[in-house]
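Undergrad: This is the structure, below, for whatever I ask next.
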Amino acid sequence: MKTTLKAMFLAGTVLAIPGVVLADTVVCEPGNDGPATGAPIRVGGIFGNAAPGDFSSATRAASAYFACVNASGGIHGRPVEYGVENDQWNPELAAQAAAKLVEDQGVVALVGNASFVEMSVNASYYARNGVMVMASGCAVSECFESSNIVSTNQGPLASSVGAAMYAVEDLGATNIACIGLAIPSVGNWSCGAVESYMEAQGLRASSVLMNPGAPDVNSSLLEAIASGADSILVNLPAGLGIAFLGAAEQQALRDVYTWTSSTPLYDVSVPGALGSYWDGALYVNAELTPLDGEGEHARHWRAVMDDYGRTDDPRDTFSQAGYLSARFFTQLLSTMDPAEIDDRAAVTAAIQGIVGYESDLICGPYYVGVADRHMPNRAGTMVRVSDGGFEVVRECYEYEGPYFEPLIEAERALGLH
Amino acid sequence: MSTTLSGRIGVALALMAIVFLPMLIGGQWMRIFTSTACFTLAAAAAAFMYARLNMVSLAQVALMGVGGWVMLRLNHGTALPFEINLLLTGVLTAAISVLLALPALRMRGLYLALITLMIAGGLEVIFSTYRFPNGGTGFWGVMPSAAAPFRRPVLAESDGAYLRYVIAVVLIGFLLIDLHRRTRPGRAWAMIRRSEAAALASGVNVTAFKAWAFALSGLLAGLAGGLLAGALGLLDPATFRASESVLLFALSVVGGAQYWFGAVIAAALYRVLPALFNNAGIDPNLTLVIFGAALLHAITTAPDGIAGQIMGVFRGLTAWLRPKGRR
């Protein structure tokens, strides 16, 4: 009897092993046989997570993608060791995190960075140390106007201009009030670009900027009304944006203005938080393609998150952007000479040489180049709040405006435009 | 002028740190210790006010913010070298400190503490509204773009050399406090601490010497803020919240306001302990729980803080080691 039980146990174990292996069916390119071995390729990532927000979604997605790459054979057979640091929105910690990764751990590049703070503090440090950052959650001007940082997300400027374009071209706006935070490299910068865009169209716009330390949605709403605008563009973090729209709902202003928003309100939880009042009346710009997209990479992103991420990892825009940065980085390293992938200078030069990487998660080609500013992703999608969710109202469209002119020139030089 | 053993040990340790510390640590700890050294100077300023005059200043980190603002404005607005900018930063912050303190000079104890806290709160609002200069034009010097480069001292452009530079300035700051303690202001402060009426009756100009203390405290906080600006190249309002001033003062009490190394302990608790937690994968916010417990401990059983306890052990050891006949 004992022998029979032992045999059954062994048979069961043998049968179960393929089941365990088969459970992780998602393969990440380059996809060699078996798990990666050998010395790890060191890569870093910095995110911000403390009050007022958690930006860890991008590095979580990058981490899941690298775990998938490692399980699929690694890059040139070697695993990626992904070291992630939290800057806690603290400039000193951001500087310390960069020094730890770049100097002490000797990473070849940083991937998936997402923070308000760390790019502002470390942009010049990355340039001095010749290390590239393939970021995913840029929110400040320093992130886009730096030689060594390039992001897969668009940030508030491009997203706001995209929303303003939609308001003008599809909703007939002639005077936009852009509601932002009074942080020079965030609200002033992005709403300033909306003003420039409107001016270039022969139209009007104004910026209504809230003190981030003591935001007052009611007074900002009154200021927007007093500006004489016929369209209101909400360019705020999701929580504050919802509060602002709540104040507008109390004043029954939905039908008095046309309403658009930059990406932060493109989150699955937002329609529920806003309630049915805003159904069909709020248009939101999406920096990447829709979260429920059916493209190859969109489905692969969700599968990687399901198999290699944690169940509580957000499936949001930053997650898409983190996945995409890690994917592009892996794609690049797998084409490099294996002898060079531990050489930071060679990796930096290779990243700067990226031209025309494509994905169904973004509307245009991804490129880097040697330049003082980078914003490869400046075409997006427009969605509308509808029935507790979102519906696409305008497919991929490229943004226009004076800010993008130098970028278009750079793209022309690379044969991309 | 006589020197104490602990003072000589302090100077020796500072000199050793200047020579050896950057050789022994990596890039992350270089930055952590630079930041710690800056806050040591600010903690020393808060501690001397408390220890010498019994005055509680809850605006020390906010004054560091003033120093940081002035330093960045001078760096981006003028072509002056770092040293001149740092000196001007210290002097201007001292002047602003006195100006802010003038209405508070008639206050004592809790009321003075509350007024300094309100000053810190006011400065917090100004910092978060107008931000820190980053190379823009106009009075506030802010532009919505990447910050212009910051000029570090010619002799200390690398992180290691800058850490040495900061420790040297902190040492000078400590010596300046000690110089005051040993001369006329120190004697006047000692009388004011015991009784303002008695000091007045003895011919001490109480208002002037209190203002002098605020000026010295502002000078040191300004230097600390200027050095912190040099470490990062830019500053963020979140560093200088009013709550940070309260925390630094509380840690000065925990460290021990009576002794020079109490400020070092306070700054280490403030900046090194969270970094150790962070490296160990523990939420650094948990240090706040430890700080609260340590403050309770200091208030109830160790009024001279950790430094006082260390000195107690040191005195006990020397008494035990001394030959019996000489006890």
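Letters A, B, ... go to the chains of the structure tokens in the order shown; residues in each chain start at 1; ligands are counted from 1 in the same order.
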Would you kindly return, as a list in words, each protein, DNA or RNA residue with an atom no farther than 6 Å from any atom of Asn235 of chain A, considering only C-alpha atoms and excluding same-chain residues fewer than 4 positions away?
TA: Ile179, Gly180, Ser261 and Ser262 of chain A
Undergrad: I need the residues of segment 28-195 of chain B that end up classed as alpha helix (DSSP H) by DSSP on the backbone, written out as a ChimeraX atom specification.
TA: /B:28-53,60-77,82-101,109-130,159-182,184-194
Undergrad: Taking only C-alpha atoms into account, what are the residues of chain A at most 6 Å from chain B, put as an MDAnalysis selection string?
TA: chainID A and resid 96 99:100 103:104 141:142 184:185 189 211
Undergrad: Could the residues in this selection be saved with N, CA and C atoms as a compact mmCIF listing (two decimals), in the first residue's frame?
TA:
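Output file out_7.txt follows:
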# COMPACT_ATOMS: atom_id res chain seq x y z
N GLN A 96 20.31 60.85 -3.65
CA GLN A 96 20.99 59.69 -3.05
C GLN A 96 20.69 58.41 -3.84
N ALA A 99 22.76 58.35 -7.00
CA ALA A 99 24.17 58.06 -6.71
C ALA A 99 24.35 56.58 -6.38
N LYS A 100 23.41 56.03 -5.62
CA LYS A 100 23.50 54.61 -5.25
C LYS A 100 23.48 53.72 -6.51
N GLU A 103 26.61 55.23 -9.24
CA GLU A 103 28.00 55.14 -8.79
C GLU A 103 28.28 53.84 -8.04
N ASP A 104 27.40 53.50 -7.09
CA ASP A 104 27.71 52.36 -6.22
C ASP A 104 27.38 51.02 -6.89
N SER A 141 9.09 69.60 -16.62
CA SER A 141 9.78 70.03 -17.84
C SER A 141 11.21 69.50 -17.91
N GLU A 142 11.88 69.43 -16.75
CA GLU A 142 13.28 68.98 -16.75
C GLU A 142 13.43 67.60 -17.38
N PRO A 184 6.21 75.72 -11.35
CA PRO A 184 6.68 76.26 -12.62
C PRO A 184 6.93 75.20 -13.68
N SER A 185 7.57 74.09 -13.28
CA SER A 185 7.95 73.10 -14.29
C SER A 185 6.82 72.11 -14.57
N TRP A 189 4.31 75.50 -16.94
CA TRP A 189 4.93 75.01 -18.19
C TRP A 189 3.87 74.45 -19.14
N ASN A 211 -2.26 76.86 -5.76
CA ASN A 211 -1.14 76.63 -4.86
C ASN A 211 -1.14 75.14 -4.48
Undergrad: Set the distance at 7 Å and use only C-alpha atoms: which residues neighbour segment 27-31 of chain A once local chain neighbours fewer than 3 positions away are removed? I'd like the list as a ChimeraX atom specification.
TA: /A:68-69,72-73,75,334
Undergrad: Please compute the atom CA of Asp343 of chain A-atom CA of Met134 of chain A distance, one decimal, in Å.
TA: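 The value is 16.6 Å.
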Undergrad: Would you kindly return, as a PyMOL selection string, each protein, DNA or RNA residue with an atom no farther than 12 Å from any atom of Ala281 of chain A, considering only C-alpha atoms and excluding same-chain residues fewer than 5 positions away?
TA: chain A and resi 167+171+231-232+245+249+253-261+271+274-276+383-387+390-391+393
Undergrad: Between atom CA of Gly112 of chain A and atom CA of Ala58 of chain A, what is the spacing in Å?
TA: 5.5 Å
Undergrad: Enumerate, in order of chain and increasing residue number, the residues of segment 65-177 of chain B with an atom no farther than 12 Å from segment 46-53 of chain B, each with its shortest atom pair and distance in Å to one decimal, counting only C-alpha atoms, as CSV.
TA:
residue,atom,partner,partner_atom,distance
B:Leu105,CA,B:Leu53,CA,11.9
B:Arg108,CA,B:Leu53,CA,10.1
B:Gly109,CA,B:Tyr50,CA,10.2
B:Leu112,CA,B:Tyr50,CA,11.7
B:Ala113,CA,B:Tyr50,CA,10.7
B:Thr116,CA,B:Ala46,CA,11.5
B:Gly173,CA,B:Phe48,CA,11.5
B:Phe174,CA,B:Phe48,CA,10.0
B:Leu176,CA,B:Phe48,CA,11.2
B:Ile177,CA,B:Phe48,CA,7.6
Undergrad: Would you mind exporting C-alpha atoms of the selected residues as an mmCIF file, in the first residue's frame?
TA:
data_model
loop_
_atom_site.group_PDB
_atom_site.id
_atom_site.type_symbol
_atom_site.label_atom_id
_atom_site.label_comp_id
_atom_site.auth_asym_id
_atom_site.auth_seq_id
_atom_site.Cartn_x
_atom_site.Cartn_y
_atom_site.Cartn_z
ATOM 1 C CA LEU B 105 11.853 89.257 21.542
ATOM 2 C CA ARG B 108 9.362 83.756 26.284
ATOM 3 C CA GLY B 109 8.791 80.031 26.543
ATOM 4 C CA LEU B 112 8.136 82.476 21.630
ATOM 5 C CA ALA B 113 8.053 78.897 20.324
ATOM 6 C CA THR B 116 8.734 80.990 15.567
ATOM 7 C CA GLY B 173 30.295 77.075 12.674
ATOM 8 C CA PHE B 174 30.871 75.065 15.842
ATOM 9 C CA LEU B 176 31.959 80.288 16.153
ATOM 10 C CA ILE B 177 29.335 79.088 18.651
#
Undergrad: List the spatial neighbours of Asp283 of chain B as number ranges by chain - criterion: any atom at most 12 Å away, only C-alpha atoms, same-chain residues fewer than 3 positions off excluded.
TA: A: 49-50, 85-88; B: 273-280, 286-289
Undergrad: Near segment 292-306 of chain B, within 10 Å and counting only C-alpha atoms, which residues show up once chain neighbours fewer than 3 positions away are dropped, as a list of chain:residue names?
TA: B:Ala51, B:Leu247, B:Ala250, B:Leu251, B:Ser252, B:Val253, B:Val254, B:Gly255, B:Gly256, B:Ala257, B:Gln258, B:Tyr259, B:Phe261, B:Gly262, B:Ile265, B:Ala266, B:Thr287, B:Leu288, B:Val289, B:Gln309, B:Ile310, B:Met311, B:Gly312
Undergrad: Let's have the selection written as a compact mmCIF listing (two decimals), in the first residue's frame, with N, CA, C and O atoms.
TA:
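Listed below is the output, result_2.txt:
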# COMPACT_ATOMS: atom_id res chain seq x y z
N ALA B 51 19.99 75.79 24.68
CA ALA B 51 20.88 75.52 25.81
C ALA B 51 21.36 76.80 26.49
O ALA B 51 21.45 76.88 27.71
N LEU B 247 10.56 68.95 13.93
CA LEU B 247 11.24 67.67 14.07
C LEU B 247 12.72 67.88 14.40
O LEU B 247 13.28 67.20 15.28
N ALA B 250 13.08 68.91 17.98
CA ALA B 250 12.83 67.76 18.88
C ALA B 250 14.06 66.84 18.90
O ALA B 250 14.48 66.37 19.97
N LEU B 251 14.66 66.64 17.74
CA LEU B 251 15.83 65.76 17.68
C LEU B 251 17.05 66.42 18.34
O LEU B 251 17.92 65.73 18.87
N SER B 252 17.10 67.75 18.32
CA SER B 252 18.18 68.44 19.03
C SER B 252 18.09 68.18 20.52
O SER B 252 19.10 68.02 21.21
N VAL B 253 16.85 68.13 21.02
CA VAL B 253 16.64 67.81 22.45
C VAL B 253 17.02 66.35 22.71
O VAL B 253 17.70 66.04 23.70
N VAL B 254 16.62 65.48 21.79
CA VAL B 254 16.96 64.05 21.94
C VAL B 254 18.48 63.88 21.89
O VAL B 254 19.06 63.14 22.69
N GLY B 255 19.13 64.57 20.95
CA GLY B 255 20.59 64.45 20.81
C GLY B 255 21.31 65.01 22.01
O GLY B 255 22.34 64.48 22.45
N GLY B 256 20.79 66.09 22.55
CA GLY B 256 21.43 66.73 23.71
C GLY B 256 21.90 68.12 23.34
O GLY B 256 22.94 68.27 22.69
N ALA B 257 21.11 69.14 23.76
CA ALA B 257 21.40 70.51 23.34
C ALA B 257 22.63 71.09 24.04
O ALA B 257 23.24 72.04 23.56
N GLN B 258 23.01 70.52 25.19
CA GLN B 258 24.11 71.10 25.98
C GLN B 258 25.49 70.80 25.39
O GLN B 258 26.46 71.46 25.74
N TYR B 259 25.57 69.80 24.55
CA TYR B 259 26.88 69.36 24.07
C TYR B 259 26.97 69.50 22.55
O TYR B 259 25.97 69.30 21.85
N PHE B 261 28.27 67.56 20.37
CA PHE B 261 27.99 66.36 19.58
C PHE B 261 26.52 65.96 19.65
O PHE B 261 26.08 65.06 18.93
N GLY B 262 25.75 66.65 20.50
CA GLY B 262 24.29 66.45 20.49
C GLY B 262 23.71 66.83 19.14
O GLY B 262 22.80 66.16 18.62
N ILE B 265 24.47 64.09 16.70
CA ILE B 265 23.54 62.97 16.91
C ILE B 265 22.17 63.30 16.32
O ILE B 265 21.55 62.48 15.64
N ALA B 266 21.71 64.54 16.57
CA ALA B 266 20.39 64.96 16.05
C ALA B 266 20.35 64.85 14.53
O ALA B 266 19.40 64.30 13.96
N THR B 287 10.89 55.78 11.26
CA THR B 287 11.82 56.49 12.14
C THR B 287 11.08 57.52 12.99
O THR B 287 11.51 57.83 14.10
N LEU B 288 9.97 58.02 12.48
CA LEU B 288 9.19 59.02 13.24
C LEU B 288 8.69 58.42 14.55
O LEU B 288 8.61 59.10 15.58
N VAL B 289 8.35 57.13 14.50
CA VAL B 289 7.89 56.45 15.72
C VAL B 289 9.05 56.39 16.73
O VAL B 289 8.88 56.67 17.93
N GLN B 309 23.89 61.48 28.24
CA GLN B 309 24.09 60.11 28.73
C GLN B 309 25.49 59.60 28.40
O GLN B 309 26.14 58.96 29.21
N ILE B 310 25.95 59.92 27.19
CA ILE B 310 27.32 59.51 26.81
C ILE B 310 28.33 60.18 27.72
O ILE B 310 29.28 59.54 28.21
N MET B 311 28.11 61.46 27.99
CA MET B 311 29.04 62.18 28.89
C MET B 311 29.01 61.60 30.29
O MET B 311 30.04 61.54 30.98
N GLY B 312 27.82 61.18 30.74
CA GLY B 312 27.69 60.54 32.06
C GLY B 312 28.53 59.28 32.14
O GLY B 312 29.27 59.06 33.12
Undergrad: Could you give me, as a ChimeraX atom specification, the residues within 7 Å of segment 156-165 of chain B, counting only C-alpha atoms and dropping anything in the same chain fewer than 4 positions from it?
TA: /B:18,22,30,34,152,169
Undergrad: Running DSSP on the backbone, which parts of segment 73-294 of chain A land in strand (DSSP E or B), as JSON, numbers by chain?
TA: {"A": [75, 78, 80, 81, 82, 83, 84, 85, 86, 109, 110, 111, 114, 115, 133, 134, 135, 137, 138, 149, 150, 151, 175, 176, 177, 178, 179, 180, 181, 204, 205, 206, 207, 208, 209, 210, 231, 232, 233, 234, 258, 259, 260, 261, 282, 283, 284, 285, 286]}
Undergrad: Using Å and a single decimal, report how far atom CA of Asn188 of chain A sits from atom CA of Pro402 of chain A.
TA: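 The value is 15.8 Å.
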Undergrad: My list of candidates is A:Ile225, A:Val304, A:Ala379, A:Val234. Which is closest to Thr289 of chain A when distances are computed with only C-alpha atoms?
TA: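 Residue with the minimum atom-to-atom distance to Thr289 of chain A: A:Ala379.
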Undergrad: Which residue, B:Ile192, B:Ala17, B:Ala94, B:Leu63, has the smallest gap to Gly122 of chain B when you use only C-alpha atoms?
TA: B:Leu63
